file my_file34.cif (mmCIF, C-alpha atoms and all ligand atoms)
data_entry
#
loop_
_atom_site.label_atom_id
_atom_site.label_comp_id
_atom_site.auth_asym_id
_atom_site.auth_seq_id
_atom_site.Cartn_x
_atom_site.Cartn_y
_atom_site.Cartn_z
CA MET A 1 0.00 0.00 0.00
CA MET A 2 2.76 2.44 0.92
CA GLY A 3 4.05 2.28 -2.62
CA VAL A 4 0.80 3.65 -4.00
CA PHE A 5 0.92 6.66 -1.70
CA GLU A 6 4.52 7.29 -2.51
CA GLN A 7 3.74 7.24 -6.19
CA PHE A 8 0.74 9.51 -5.77
CA PRO A 9 1.52 11.67 -2.78
CA ARG A 10 -1.61 13.29 -1.46
CA THR A 11 -1.88 17.02 -1.19
CA ALA A 12 -4.10 19.11 1.04
CA LEU A 13 -5.53 20.91 -1.96
CA TYR A 14 -6.53 20.06 -5.48
CA LYS A 15 -3.46 19.86 -7.73
CA LEU A 16 -4.39 22.78 -9.90
CA LYS A 17 -1.86 23.56 -12.62
CA PRO A 18 -1.01 27.24 -13.10
CA GLU A 19 -2.09 28.56 -16.51
CA ASP A 20 0.31 29.79 -19.15
CA SER A 21 -0.63 30.75 -22.69
CA GLY A 22 2.98 31.02 -23.84
CA ASN A 23 5.49 33.58 -25.05
CA GLY A 24 7.41 33.16 -21.80
CA PHE A 25 5.64 36.09 -20.17
CA MET A 26 1.96 35.14 -20.25
CA PHE A 27 2.10 32.90 -17.18
CA GLU A 28 -0.54 33.20 -14.49
CA SER A 29 -0.24 35.55 -11.50
CA ALA A 30 -0.31 34.29 -7.93
CA GLY A 31 -3.49 36.29 -7.21
CA SER A 32 -5.24 34.70 -10.17
CA TYR A 33 -4.06 31.24 -9.15
CA LEU A 34 -5.45 31.72 -5.64
CA VAL A 35 -8.86 32.68 -7.03
CA ARG A 36 -9.00 29.72 -9.40
CA LEU A 37 -7.86 27.41 -6.63
CA ALA A 38 -10.66 28.64 -4.39
CA TYR A 39 -13.21 27.98 -7.13
CA ALA A 40 -11.72 24.55 -7.78
CA HIS A 41 -12.88 23.86 -4.22
CA ARG A 42 -16.22 25.54 -4.91
CA LYS A 43 -15.45 28.38 -2.55
CA ALA A 44 -15.42 32.12 -3.13
CA PRO A 45 -11.87 33.43 -2.63
CA HIS A 46 -12.62 35.46 0.52
CA HIS A 47 -14.31 32.40 2.03
CA PHE A 48 -11.39 30.19 1.03
CA LEU A 49 -8.89 32.58 2.63
CA ARG A 50 -10.92 33.13 5.78
CA HIS A 51 -11.87 29.55 6.46
CA PHE A 52 -8.97 27.60 5.09
CA LEU A 53 -5.76 29.37 4.13
CA ASN A 54 -5.46 31.93 6.90
CA PRO A 55 -6.27 29.52 9.77
CA ALA A 56 -3.82 27.01 8.27
CA LEU A 57 -1.09 29.69 8.26
CA GLY A 58 -1.94 31.08 11.67
CA GLN A 59 -3.06 34.34 10.08
CA GLY A 60 -5.85 36.44 11.51
CA ALA A 61 -9.06 37.51 9.85
CA VAL A 62 -9.02 38.44 6.19
CA SER A 63 -9.43 42.15 5.72
CA ASN A 64 -11.16 43.51 2.68
CA ASP A 65 -8.06 45.60 2.05
CA LEU A 66 -6.32 42.51 0.77
CA PHE A 67 -8.69 42.41 -2.17
CA LEU A 68 -9.03 46.15 -2.61
CA ASN A 69 -5.82 47.95 -1.70
CA TYR A 70 -2.77 45.76 -1.43
CA GLY A 71 -3.77 42.53 -3.10
CA PHE A 72 -1.12 42.76 -5.79
CA SER A 73 1.75 43.29 -3.37
CA ALA A 74 0.33 40.68 -0.97
CA MET A 75 0.07 38.00 -3.67
CA ASN A 76 2.09 38.98 -6.75
CA GLY A 77 4.90 40.79 -4.96
CA TYR A 78 7.90 39.69 -2.93
CA ARG A 79 7.13 41.09 0.46
CA PRO A 80 7.00 38.62 3.38
CA LYS A 81 3.24 38.05 3.22
CA ALA A 82 3.38 37.11 -0.45
CA GLU A 83 6.23 34.71 0.16
CA MET A 84 4.32 33.02 2.98
CA TYR A 85 1.14 32.54 0.94
CA LEU A 86 3.03 31.24 -2.08
CA ASN A 87 5.16 28.79 -0.11
CA ALA A 88 2.00 27.44 1.50
CA LEU A 89 0.17 27.10 -1.80
CA GLU A 90 3.13 25.30 -3.31
CA VAL A 91 3.06 22.76 -0.49
CA PHE A 92 -0.72 22.41 -0.34
CA THR A 93 -1.12 21.88 -4.08
CA GLY A 94 2.13 20.04 -4.73
CA GLN A 95 2.70 22.33 -7.73
CA LYS A 96 6.33 23.23 -8.20
CA GLY A 97 6.99 26.80 -9.20
CA VAL A 98 3.98 28.50 -7.63
CA GLY A 99 6.53 31.00 -6.25
CA LEU A 100 7.43 31.83 -9.84
CA LEU A 101 3.91 33.19 -10.39
CA SER A 102 4.89 36.35 -8.57
CA MET A 103 7.80 38.81 -8.63
CA LEU A 104 9.44 36.72 -5.90
CA PRO A 105 12.39 35.66 -8.13
CA TRP A 106 13.43 39.36 -8.26
CA LYS A 107 13.37 39.88 -4.52
CA SER A 108 17.15 40.21 -4.14
CA LEU A 109 17.37 42.64 -7.07
CA LEU A 110 14.63 45.23 -6.56
CA ASP A 111 13.90 47.66 -3.75
CA SER A 112 12.41 46.00 -0.71
CA MET A 113 9.20 48.02 -0.68
CA GLY A 114 8.34 47.24 -4.28
CA LYS A 115 7.75 50.93 -5.04
CA GLY A 116 5.80 51.54 -8.21
CA LEU A 117 5.85 47.87 -9.08
CA PHE A 118 2.13 47.31 -9.50
CA HIS A 119 -0.81 49.16 -10.98
CA PRO A 120 -2.95 50.74 -8.25
CA SER A 121 -5.99 48.84 -9.53
CA LYS A 122 -6.68 45.88 -11.78
CA LYS A 123 -5.92 46.10 -15.50
CA TRP A 124 -6.78 43.47 -18.05
CA CYS A 125 -6.75 42.77 -21.76
CA PRO A 126 -10.37 42.38 -22.91
CA GLU A 127 -9.24 40.68 -26.12
CA CYS A 128 -7.29 38.01 -24.24
CA PHE A 129 -10.37 37.19 -22.15
CA GLN A 130 -12.57 37.12 -25.25
CA GLU A 131 -10.19 34.89 -27.17
CA TRP A 132 -9.83 32.39 -24.34
CA ARG A 133 -13.58 32.25 -23.83
CA THR A 134 -14.25 31.75 -27.54
CA ASN A 135 -11.68 28.93 -27.62
CA LYS A 136 -13.16 27.44 -24.43
CA GLU A 137 -9.88 27.95 -22.61
CA VAL A 138 -9.41 28.78 -18.95
CA LEU A 139 -9.79 32.44 -17.99
CA TYR A 140 -6.90 33.66 -15.87
CA GLU A 141 -4.84 36.79 -15.20
CA PRO A 142 -1.19 36.84 -16.28
CA LEU A 143 1.29 38.39 -13.84
CA ILE A 144 2.28 41.06 -16.37
CA TRP A 145 -1.22 42.60 -16.26
CA SER A 146 -0.50 43.75 -12.73
CA LEU A 147 2.87 45.39 -13.52
CA LYS A 148 2.77 49.14 -13.70
CA SER A 149 5.49 49.54 -16.32
CA LEU A 150 3.29 47.77 -18.87
CA THR A 151 0.21 49.46 -20.34
CA ILE A 152 -0.34 47.46 -23.53
CA CYS A 153 -1.20 43.81 -24.11
CA PRO A 154 1.85 42.40 -25.89
CA VAL A 155 -0.29 39.75 -27.60
CA HIS A 156 -3.02 42.02 -28.98
CA GLN A 157 -1.20 45.38 -28.92
CA CYS A 158 -4.25 47.04 -27.37
CA LEU A 159 -4.54 49.17 -24.25
CA TYR A 160 -5.58 47.42 -21.08
CA ALA A 161 -9.04 48.01 -19.64
CA GLY A 162 -9.49 49.26 -16.09
CA ASN A 163 -13.26 49.54 -15.67
CA CYS A 164 -16.16 47.14 -16.23
CA PHE A 165 -17.72 47.83 -19.66
CA GLU A 166 -21.24 47.45 -18.23
CA CYS A 167 -21.27 49.18 -14.85
CA GLY A 168 -17.97 51.09 -14.96
CA ALA A 169 -16.72 49.61 -11.68
CA LYS A 170 -13.03 49.38 -10.97
CA GLN A 171 -12.06 45.81 -10.15
CA TYR A 172 -10.64 44.27 -7.01
CA MET A 173 -6.92 43.51 -7.24
CA VAL A 174 -7.60 40.00 -6.07
CA GLN A 175 -11.06 38.84 -7.10
CA ARG A 176 -13.19 38.62 -3.93
CA VAL A 177 -16.21 36.86 -5.37
CA LEU A 178 -17.03 35.48 -8.83
CA PRO A 179 -14.52 33.65 -11.01
CA ILE A 180 -11.78 35.45 -12.95
CA GLY A 181 -13.05 37.40 -15.94
CA PHE A 182 -16.36 38.59 -14.44
CA CYS A 183 -17.18 41.86 -12.71
CA PRO A 184 -18.06 41.24 -9.04
CA GLU A 185 -20.31 44.30 -9.04
CA CYS A 186 -22.63 43.42 -11.90
CA GLY A 187 -21.54 39.97 -13.07
CA SER A 188 -20.72 41.03 -16.63
CA PHE A 189 -18.00 39.39 -18.67
CA LEU A 190 -14.88 41.58 -18.81
CA GLY A 191 -13.79 40.51 -22.28
CA SER A 192 -14.61 42.17 -25.58
CA GLU A 193 -13.84 41.93 -29.27
CA ALA A 194 -11.13 44.11 -30.77
CA LYS A 195 -12.43 47.67 -31.01
CA GLY A 196 -10.41 48.53 -34.11
CA MET A 197 -8.60 51.31 -32.26
CA GLY A 198 -5.39 50.59 -34.13
CA LYS A 199 -2.43 48.66 -32.84
CA LYS A 200 -0.25 50.20 -30.16
CA VAL A 201 3.50 49.69 -30.24
CA LEU A 202 5.35 48.43 -27.21
CA SER A 203 8.04 50.78 -26.00
CA LYS A 204 11.60 49.57 -25.54
CA LYS A 205 11.03 49.74 -21.80
CA GLU A 206 8.01 47.47 -22.07
CA GLN A 207 9.89 44.96 -24.22
CA TYR A 208 12.69 44.88 -21.68
CA LEU A 209 10.17 44.31 -18.92
CA LEU A 210 8.76 41.32 -20.77
CA ASP A 211 12.27 39.95 -21.36
CA LEU A 212 13.01 40.21 -17.67
CA VAL A 213 9.77 38.59 -16.53
CA ALA A 214 10.22 35.77 -19.02
CA SER A 215 13.73 35.05 -17.73
CA ARG A 216 12.49 34.06 -14.24
CA HIS A 217 13.72 30.49 -14.70
CA ARG A 218 17.30 31.73 -14.85
CA VAL A 219 17.13 32.79 -11.22
CA THR A 220 18.36 30.04 -8.96
CA GLU A 221 18.12 29.79 -5.23
CA ASN A 222 20.53 32.05 -3.31
CA MET A 223 21.56 33.79 -6.50
CA GLN A 224 22.78 37.30 -5.65
CA LEU A 225 21.05 39.29 -8.35
CA LEU A 226 22.24 42.64 -7.04
CA GLN A 227 25.84 41.46 -7.39
CA LEU A 228 25.14 40.38 -10.96
CA LEU A 229 23.62 43.78 -11.69
CA ARG A 230 26.66 45.55 -10.24
CA GLY A 231 28.97 43.42 -12.36
CA GLY A 232 26.89 44.26 -15.43
CA ILE A 233 26.97 47.99 -14.74
CA LYS A 234 30.73 47.92 -14.32
CA ILE A 235 31.10 46.31 -17.74
CA VAL A 236 28.78 48.96 -19.20
CA MET A 237 31.01 51.66 -17.71
CA ALA A 238 34.18 50.06 -19.00
CA LYS A 239 32.75 49.71 -22.52
CA LEU A 240 31.60 53.32 -22.54
CA SER A 241 35.01 54.40 -21.18
CA VAL A 242 33.37 56.09 -18.25
CA THR A 243 35.50 56.12 -15.14
CA SER A 244 33.02 57.02 -12.41
CA THR A 245 29.33 56.51 -11.72
CA LYS A 246 28.98 60.27 -11.50
CA LYS A 247 30.13 60.59 -15.09
CA LEU A 248 27.85 57.76 -16.14
CA GLU A 249 24.92 59.52 -14.50
CA GLN A 250 25.78 62.74 -16.29
CA LEU A 251 26.19 60.95 -19.59
CA LEU A 252 22.79 59.29 -19.31
CA CYS A 253 21.13 62.33 -17.74
CA PHE A 254 20.26 60.05 -14.85
CA SER A 255 19.33 61.67 -11.60
CA GLN A 256 22.39 62.17 -9.42
CA ALA A 257 23.54 59.37 -7.15
CA THR A 258 21.02 56.80 -8.34
CA ILE A 259 23.46 54.45 -10.00
CA SER A 260 26.10 55.05 -7.31
CA GLN A 261 23.56 53.93 -4.73
CA TRP A 262 22.98 50.66 -6.56
CA LEU A 263 26.70 50.04 -6.49
CA SER A 264 27.15 51.02 -2.87
CA ASP A 265 27.20 48.41 -0.14
CA GLY A 266 27.03 50.85 2.71
CA SER A 267 24.02 52.34 4.45
CA ARG A 268 23.47 54.64 1.48
CA GLY A 269 23.06 51.68 -0.81
CA THR A 270 19.60 51.13 -2.26
CA ARG A 271 18.26 48.63 -4.71
CA PRO A 272 16.67 49.91 -7.91
CA THR A 273 12.94 50.09 -8.45
CA LEU A 274 11.81 48.10 -11.46
CA SER A 275 11.03 51.28 -13.38
CA THR A 276 14.42 52.96 -12.82
CA LEU A 277 16.23 49.75 -13.63
CA LEU A 278 14.38 49.53 -16.93
CA ASN A 279 15.08 53.23 -17.62
CA PHE A 280 18.75 52.53 -17.15
CA CYS A 281 18.59 49.58 -19.54
CA VAL A 282 16.84 51.74 -22.16
CA ALA A 283 19.44 54.50 -21.73
CA VAL A 284 22.32 52.13 -22.49
CA GLU A 285 20.34 49.86 -24.84
CA VAL A 286 21.15 46.72 -22.92
CA SER A 287 18.35 44.29 -22.09
CA PRO A 288 18.06 43.61 -18.34
CA VAL A 289 18.50 39.91 -19.08
CA VAL A 290 21.87 40.60 -20.72
CA LEU A 291 22.81 43.03 -17.97
CA LEU A 292 22.20 40.35 -15.34
CA PHE A 293 22.90 36.99 -16.92
CA GLN A 294 24.90 37.45 -20.11
CA HIS A 295 27.78 39.72 -19.26
CA ASP A 296 29.80 38.67 -22.29
CA ARG A 297 27.08 40.09 -24.53
CA ILE A 298 26.96 43.56 -23.00
CA ASP A 299 27.44 46.13 -25.76
CA PRO A 300 26.11 49.45 -24.52
CA VAL A 301 25.22 52.56 -26.51
CA ALA A 302 24.89 55.73 -24.48
CA LYS A 303 21.67 57.39 -25.54
CA VAL A 304 21.49 60.87 -24.10
CA ALA A 305 25.09 61.60 -24.84
CA GLU A 306 24.51 64.81 -26.78
CA LEU A 307 25.32 67.25 -23.97
CA ASP A 308 28.61 65.72 -23.00
CA GLY A 309 29.44 64.67 -26.52
CA ARG A 310 29.22 68.32 -27.54
CA LYS A 311 32.50 69.05 -25.76
CA SER A 312 34.39 67.23 -28.48
CA TYR A 313 32.73 69.16 -31.29
CA ASP A 314 34.73 71.83 -33.01
CA ASN A 315 33.44 75.37 -32.86
CA ALA A 316 31.33 75.19 -36.00
CA ASP A 317 29.55 72.08 -34.73
CA LYS A 318 28.98 73.75 -31.42
CA TYR A 319 27.51 76.81 -33.09
CA ASP A 320 25.09 74.72 -35.15
CA TRP A 321 24.14 72.57 -32.22
CA VAL A 322 23.42 75.50 -29.91
CA LYS A 323 21.49 77.29 -32.67
CA GLN A 324 19.31 74.25 -33.23
CA GLN A 325 18.68 73.75 -29.52
CA LEU A 326 17.93 77.41 -28.97
CA THR A 327 15.48 77.43 -31.90
CA ASN A 328 13.72 74.46 -30.31
CA ILE A 329 13.50 76.28 -27.02
CA VAL A 330 12.16 79.48 -28.58
CA ASP A 331 9.54 77.65 -30.66
CA GLY A 332 8.63 75.10 -28.06
CA HIS A 333 8.41 76.78 -24.70
CA SER A 334 4.97 77.53 -23.32
CA ARG A 335 6.11 78.81 -19.94
CA VAL A 336 8.45 81.66 -19.14
CA PHE A 337 11.95 80.38 -19.89
CA SER A 338 14.59 83.02 -19.35
CA VAL A 339 17.69 83.56 -21.48
CA LYS A 340 19.71 82.63 -18.40
CA GLN A 341 17.86 79.31 -18.10
CA ALA A 342 18.41 78.63 -21.81
CA ALA A 343 22.13 79.40 -21.46
CA ASP A 344 22.40 77.10 -18.44
CA GLN A 345 20.64 74.29 -20.23
CA LEU A 346 22.92 74.61 -23.26
CA LYS A 347 26.01 74.98 -21.09
CA VAL A 348 27.05 78.30 -22.62
CA GLY A 349 27.08 81.85 -21.27
CA VAL A 350 24.26 84.36 -21.65
CA ASN A 351 26.63 86.59 -23.61
CA TYR A 352 27.42 83.79 -26.04
CA LEU A 353 23.72 83.56 -26.87
CA ARG A 354 23.22 87.34 -27.13
CA TYR A 355 26.30 87.76 -29.32
CA HIS A 356 25.82 84.85 -31.73
CA PHE A 357 22.04 84.68 -31.90
CA PRO A 358 20.69 88.19 -31.26
CA GLU A 359 17.48 87.55 -33.17
CA LEU A 360 16.65 84.25 -31.43
CA THR A 361 17.47 85.75 -28.05
CA TYR A 362 15.24 88.73 -28.81
CA ARG A 363 12.39 86.41 -29.81
CA LEU A 364 12.82 84.48 -26.58
CA VAL A 365 12.58 87.68 -24.53
CA GLU A 366 9.55 88.89 -26.48
CA LYS A 367 7.77 85.58 -26.10
CA ASN A 368 8.45 85.61 -22.37
CA ASN A 369 6.90 89.08 -22.14
CA VAL A 370 3.78 87.86 -23.92
CA LEU A 371 3.62 84.82 -21.63
CA ARG A 372 4.01 87.02 -18.55
CA ASP A 373 1.24 89.34 -19.77
CA GLU A 374 -1.03 86.39 -20.39
CA LYS A 375 -0.30 85.03 -16.96
CA ARG A 376 -1.00 88.39 -15.35
CA GLU A 377 -4.21 88.69 -17.34
CA ARG A 378 -5.35 85.21 -16.28
CA ARG A 379 -4.57 85.96 -12.66
CA ASN A 380 -6.43 89.24 -12.83
CA ARG A 381 -9.52 87.63 -14.37
CA ARG A 382 -9.50 84.99 -11.68
CA ASN A 383 -9.17 87.54 -8.89
CA VAL A 384 -12.05 89.63 -10.27
CA LEU A 385 -14.20 86.54 -10.61
CA LEU A 386 -13.56 85.53 -7.00
CA VAL A 387 -14.62 88.94 -5.70
CA GLU A 388 -17.69 88.93 -7.93
CA THR A 389 -18.74 85.50 -6.70
CA VAL A 390 -18.37 86.45 -3.05
CA CYS A 391 -20.31 89.65 -3.59
CA GLN A 392 -23.15 87.77 -5.29
CA ASP A 393 -23.22 85.19 -2.49
CA LEU A 394 -23.38 87.87 0.18
CA LEU A 395 -26.11 89.76 -1.67
CA GLY A 396 -28.01 86.50 -2.08
CA ALA A 397 -27.85 86.06 1.68
CA GLY A 398 -29.16 89.60 2.16
CA VAL A 399 -25.83 91.05 3.28
CA PHE A 400 -24.25 94.12 1.73
CA PRO A 401 -20.81 93.09 0.36
CA SER A 402 -18.78 95.60 2.35
CA HIS A 403 -15.01 95.80 1.96
CA ASN A 404 -14.62 94.02 5.28
CA TYR A 405 -17.09 91.18 4.64
CA VAL A 406 -15.66 90.36 1.23
CA ARG A 407 -12.13 90.51 2.62
CA LYS A 408 -13.05 88.06 5.35
CA ALA A 409 -14.70 85.63 2.94
CA LEU A 410 -11.56 85.63 0.81
CA LYS A 411 -9.04 85.37 3.60
CA HIS A 412 -7.20 82.33 2.20
CA GLU A 413 -7.06 83.85 -1.27
CA LEU A 414 -5.78 87.30 -0.32
CA LYS A 415 -2.16 86.27 -0.68
CA ASN A 416 -2.80 85.91 -4.41
CA TYR A 417 -3.71 89.59 -4.70
CA GLY A 418 -1.06 92.23 -5.33
CA PHE A 419 -0.64 95.33 -3.17
CA GLY A 420 -3.87 97.37 -3.29
CA GLU A 421 -5.31 95.00 -5.89
CA PHE A 422 -8.10 93.67 -3.74
CA THR A 423 -9.38 97.13 -2.86
CA ARG A 424 -9.25 98.26 -6.47
CA ILE A 425 -11.17 95.20 -7.67
CA TRP A 426 -13.68 95.41 -4.84
CA ARG A 427 -14.41 99.02 -5.72
CA GLU A 428 -14.86 98.21 -9.41
CA VAL A 429 -17.12 95.26 -8.69
CA THR A 430 -19.34 96.99 -6.12
CA GLU A 431 -19.72 100.02 -8.41
CA ARG A 432 -21.15 97.73 -11.06
CA LEU A 433 -23.63 96.09 -8.67
ZN ZN A 501 -4.48 40.50 -25.04
ZN ZN A 502 -19.62 45.52 -13.78
#
call {"tool": "encode", "arguments": {"input": "my_file34.cif", "output": "structure tokens"}}
result
Amino acid sequence: MMGVFEQFPRTALYKLKPEDSGNGFMFESAGSYLVRLAYAHRKAPHHFLRHFLNPALGQGAVSNDLFLNYGFSAMNGYRPKAEMYLNALEVFTGQKGVGLLSMLPWKSLLDSMGKGLFHPSKKWCPECFQEWRTNKEVLYEPLIWSLKSLTICPVHQCLYAGNCFECGAKQYMVQRVLPIGFCPECGSFLGSEAKGMGKKVLSKKEQYLLDLVASRHRVTENMQLLQLLRGGIKIVMAKLSVTSTKKLEQLLCFSQATISQWLSDGSRGTRPTLSTLLNFCVAVEVSPVVLLFQHDRIDPVAKVAELDGRKSYDNADKYDWVKQQLTNIVDGHSRVFSVKQAADQLKVGVNYLRYHFPELTYRLVEKNNVLRDEKRERRNRRNVLLVETVCQDLLGAGVFPSHNYVRKALKHELKNYGFGEFTRIWREVTERL
């Protein structure tokens, strides 16, 4: 008899296989798996958590917040709670790799709080749902739908949906009642046919994100991903002939000290957020998978090199470059942008601009004057309108809008009035009454 049990070890829960429709990145999320597992036992997910999973793990009551506010980080993330649930589900279902349904493989690489990792509410691809339903396939939610850096379905190149098409409700992060693919508020199906809105194109950042997510099998236990990242960055620096992280940050126009912090072991050291890591990869055109796991293939190209690169131009190149940039500034700016600011941005002196490009500089000044006038005009209109409104309100309440009463009613706004402006406007307005 023993032999039979050894061959077919029993598990506490139904041996539900996680879904995966391919491409390496369309595998199911932990939150979705939990919901499907609950329904495999004919239980609504909140019931399943409250009456089975939480008692089994010595956890307290299930709060609604899990479904509403932090469901993604509690199930799809790598914080301690997620790890606990996933380990338990792996044991209870006997399914290897349940931990890989979350961002858990990237725990040693990314910042511990998981900042900006997930969308603040559920997103889904209506065309994926529709296609699976038409083909009588299982409805599930891939992990990538919950990741904030992705806004387009890579399979259908359409934007994700965020509200029920019938009732407009936002959806729980982890489905509380009703199976995946149906709105818990009104019961409607969340899929739809293609709307013919035209195909969207994935950005480089989004492609890199998919590459990274799909490479989860490369991560082995106790692998020090942060060390691999540091090694990768050092190769990037060597290949770009950059000698310090400060110079690298300048070259890539990366905010100061970010990359140095990734490389620092001390108390100032921080791990990257997913979004900044991907930004870095885009800036040097190296896929995160190469940066981490394929160091011999690192071949960076520095993207935003124009400012520093300019130093090696000869004078004619510099002249043309500055002229072009200044023209862009003059034509493009819609807020006051002083000649000094332009000079700072282009790393030249104010006099250089005035001497070489008198006409452009003049246009910049003129445009700023117009913008300042417009701003003043807008502010004036607003201030008059406020006084008028208060006066009307007071009159409506049977009170004469005296200087004092109106002043009192506007007390928080008075700082936006210039010297003597309030009195002048008040006089004009009350004369018209
Ligand atoms: Zn899709
Ligand atoms: Zn609905």
call {"tool": "residues_near_point", "arguments": {"input": "my_file34.cif", "point": "(-11.7, 27.1, -5.9)", "cutoff": "12 Å", "atoms": "only C-alpha atoms", "output": "PyMOL selection string"}}
result
chain A and resi 13-16+32-49+52-53+93+175-180
call {"tool": "closest_residue", "arguments": {"input": "my_file34.cif", "among": "A:Leu353, A:Ala169, A:Met197, A:Leu263", "to": "A:Pro184", "atoms": "all atoms listed in the file"}}
result
A:Ala169
call {"tool": "residues_near_ligand", "arguments": {"input": "my_file34.cif", "ligand": "ligand ZN 501 (chain A)", "cutoff": "7 Å", "atoms": "only C-alpha atoms and all ligand atoms", "output": "ChimeraX atom specification"}}
result
/A:125-128,153-156,158
call {"tool": "residues_around", "arguments": {"input": "my_file34.cif", "residues": "A:Ile233", "least_positions_apart": "2", "cutoff": "10 Å", "atoms": "all atoms listed in the file", "output": "number ranges by chain"}}
result
A: 227-231, 235-239, 245, 248, 259, 262-263, 280-281, 284, 291-292, 295, 298, 300
call {"tool": "residues_near_ligand", "arguments": {"input": "my_file34.cif", "ligand": "ligand ZN 502 (chain A)", "cutoff": "12 Å", "atoms": "all atoms listed in the file", "output": "ChimeraX atom specification"}}
result
/A:162-172,178,181-191
call {"tool": "write_last_selection", "arguments": {"input": "my_file34.cif", "atoms": "C-alpha atoms", "output": "PDB file, keeping the file's coordinate frame"}}
result
ATOM      1  CA  GLY A 162      -9.490  49.260 -16.090  1.00  0.00           C
ATOM      2  CA  ASN A 163     -13.260  49.540 -15.670  1.00  0.00           C
ATOM      3  CA  CYS A 164     -16.160  47.140 -16.230  1.00  0.00           C
ATOM      4  CA  PHE A 165     -17.720  47.830 -19.660  1.00  0.00           C
ATOM      5  CA  GLU A 166     -21.240  47.450 -18.230  1.00  0.00           C
ATOM      6  CA  CYS A 167     -21.270  49.180 -14.850  1.00  0.00           C
ATOM      7  CA  GLY A 168     -17.970  51.090 -14.960  1.00  0.00           C
ATOM      8  CA  ALA A 169     -16.720  49.610 -11.680  1.00  0.00           C
ATOM      9  CA  LYS A 170     -13.030  49.380 -10.970  1.00  0.00           C
ATOM     10  CA  GLN A 171     -12.060  45.810 -10.150  1.00  0.00           C
ATOM     11  CA  TYR A 172     -10.640  44.270  -7.010  1.00  0.00           C
ATOM     12  CA  LEU A 178     -17.030  35.480  -8.830  1.00  0.00           C
ATOM     13  CA  GLY A 181     -13.050  37.400 -15.940  1.00  0.00           C
ATOM     14  CA  PHE A 182     -16.360  38.590 -14.440  1.00  0.00           C
ATOM     15  CA  CYS A 183     -17.180  41.860 -12.710  1.00  0.00           C
ATOM     16  CA  PRO A 184     -18.060  41.240  -9.040  1.00  0.00           C
ATOM     17  CA  GLU A 185     -20.310  44.300  -9.040  1.00  0.00           C
ATOM     18  CA  CYS A 186     -22.630  43.420 -11.900  1.00  0.00           C
ATOM     19  CA  GLY A 187     -21.540  39.970 -13.070  1.00  0.00           C
ATOM     20  CA  SER A 188     -20.720  41.030 -16.630  1.00  0.00           C
ATOM     21  CA  PHE A 189     -18.000  39.390 -18.670  1.00  0.00           C
ATOM     22  CA  LEU A 190     -14.880  41.580 -18.810  1.00  0.00           C
ATOM     23  CA  GLY A 191     -13.790  40.510 -22.280  1.00  0.00           C
TER      24      GLY A 191
END
call {"tool": "closest_residue", "arguments": {"input": "my_file34.cif", "among": "A:Asn368, A:Asn54, A:Thr151, A:Asn222", "to": "A:Lys200", "atoms": "all atoms listed in the file"}}
result
A:Thr151
call {"tool": "closest_residue", "arguments": {"input": "my_file34.cif", "among": "A:Ile425, A:Val62, A:Leu89, A:Leu433", "to": "A:Phe400", "atoms": "only C-alpha atoms"}}
result
A:Leu433
call {"tool": "build_atoms", "arguments": {"input": "my_file34.cif", "residues": "stretch 151-160 of chain A", "atoms": "N, CA and C atoms", "output": "PDB file, keeping the file's coordinate frame"}}
result
ATOM      1  N   THR A 151       1.555  48.898 -20.165  1.00  0.00           N
ATOM      2  CA  THR A 151       0.210  49.460 -20.340  1.00  0.00           C
ATOM      3  C   THR A 151      -0.502  48.877 -21.562  1.00  0.00           C
ATOM      4  N   ILE A 152       0.198  48.001 -22.277  1.00  0.00           N
ATOM      5  CA  ILE A 152      -0.340  47.460 -23.530  1.00  0.00           C
ATOM      6  C   ILE A 152      -0.272  45.943 -23.483  1.00  0.00           C
ATOM      7  N   CYS A 153      -1.278  45.269 -24.020  1.00  0.00           N
ATOM      8  CA  CYS A 153      -1.200  43.810 -24.110  1.00  0.00           C
ATOM      9  C   CYS A 153      -0.212  43.444 -25.209  1.00  0.00           C
ATOM     10  N   PRO A 154       0.856  42.720 -24.866  1.00  0.00           N
ATOM     11  CA  PRO A 154       1.850  42.400 -25.890  1.00  0.00           C
ATOM     12  C   PRO A 154       1.338  41.416 -26.932  1.00  0.00           C
ATOM     13  N   VAL A 155       0.260  40.713 -26.631  1.00  0.00           N
ATOM     14  CA  VAL A 155      -0.290  39.750 -27.600  1.00  0.00           C
ATOM     15  C   VAL A 155      -1.194  40.462 -28.604  1.00  0.00           C
ATOM     16  N   HIS A 156      -2.045  41.356 -28.105  1.00  0.00           N
ATOM     17  CA  HIS A 156      -3.020  42.020 -28.980  1.00  0.00           C
ATOM     18  C   HIS A 156      -2.673  43.465 -29.311  1.00  0.00           C
ATOM     19  N   GLN A 157      -1.612  43.977 -28.712  1.00  0.00           N
ATOM     20  CA  GLN A 157      -1.200  45.380 -28.920  1.00  0.00           C
ATOM     21  C   GLN A 157      -2.362  46.356 -28.713  1.00  0.00           C
ATOM     22  N   CYS A 158      -3.181  46.084 -27.699  1.00  0.00           N
ATOM     23  CA  CYS A 158      -4.250  47.040 -27.370  1.00  0.00           C
ATOM     24  C   CYS A 158      -4.017  47.535 -25.950  1.00  0.00           C
ATOM     25  N   LEU A 159      -4.647  48.657 -25.616  1.00  0.00           N
ATOM     26  CA  LEU A 159      -4.540  49.170 -24.250  1.00  0.00           C
ATOM     27  C   LEU A 159      -5.300  48.251 -23.304  1.00  0.00           C
ATOM     28  N   TYR A 160      -4.843  48.179 -22.080  1.00  0.00           N
ATOM     29  CA  TYR A 160      -5.580  47.420 -21.080  1.00  0.00           C
ATOM     30  C   TYR A 160      -6.858  48.156 -20.694  1.00  0.00           C
TER      31      TYR A 160
END
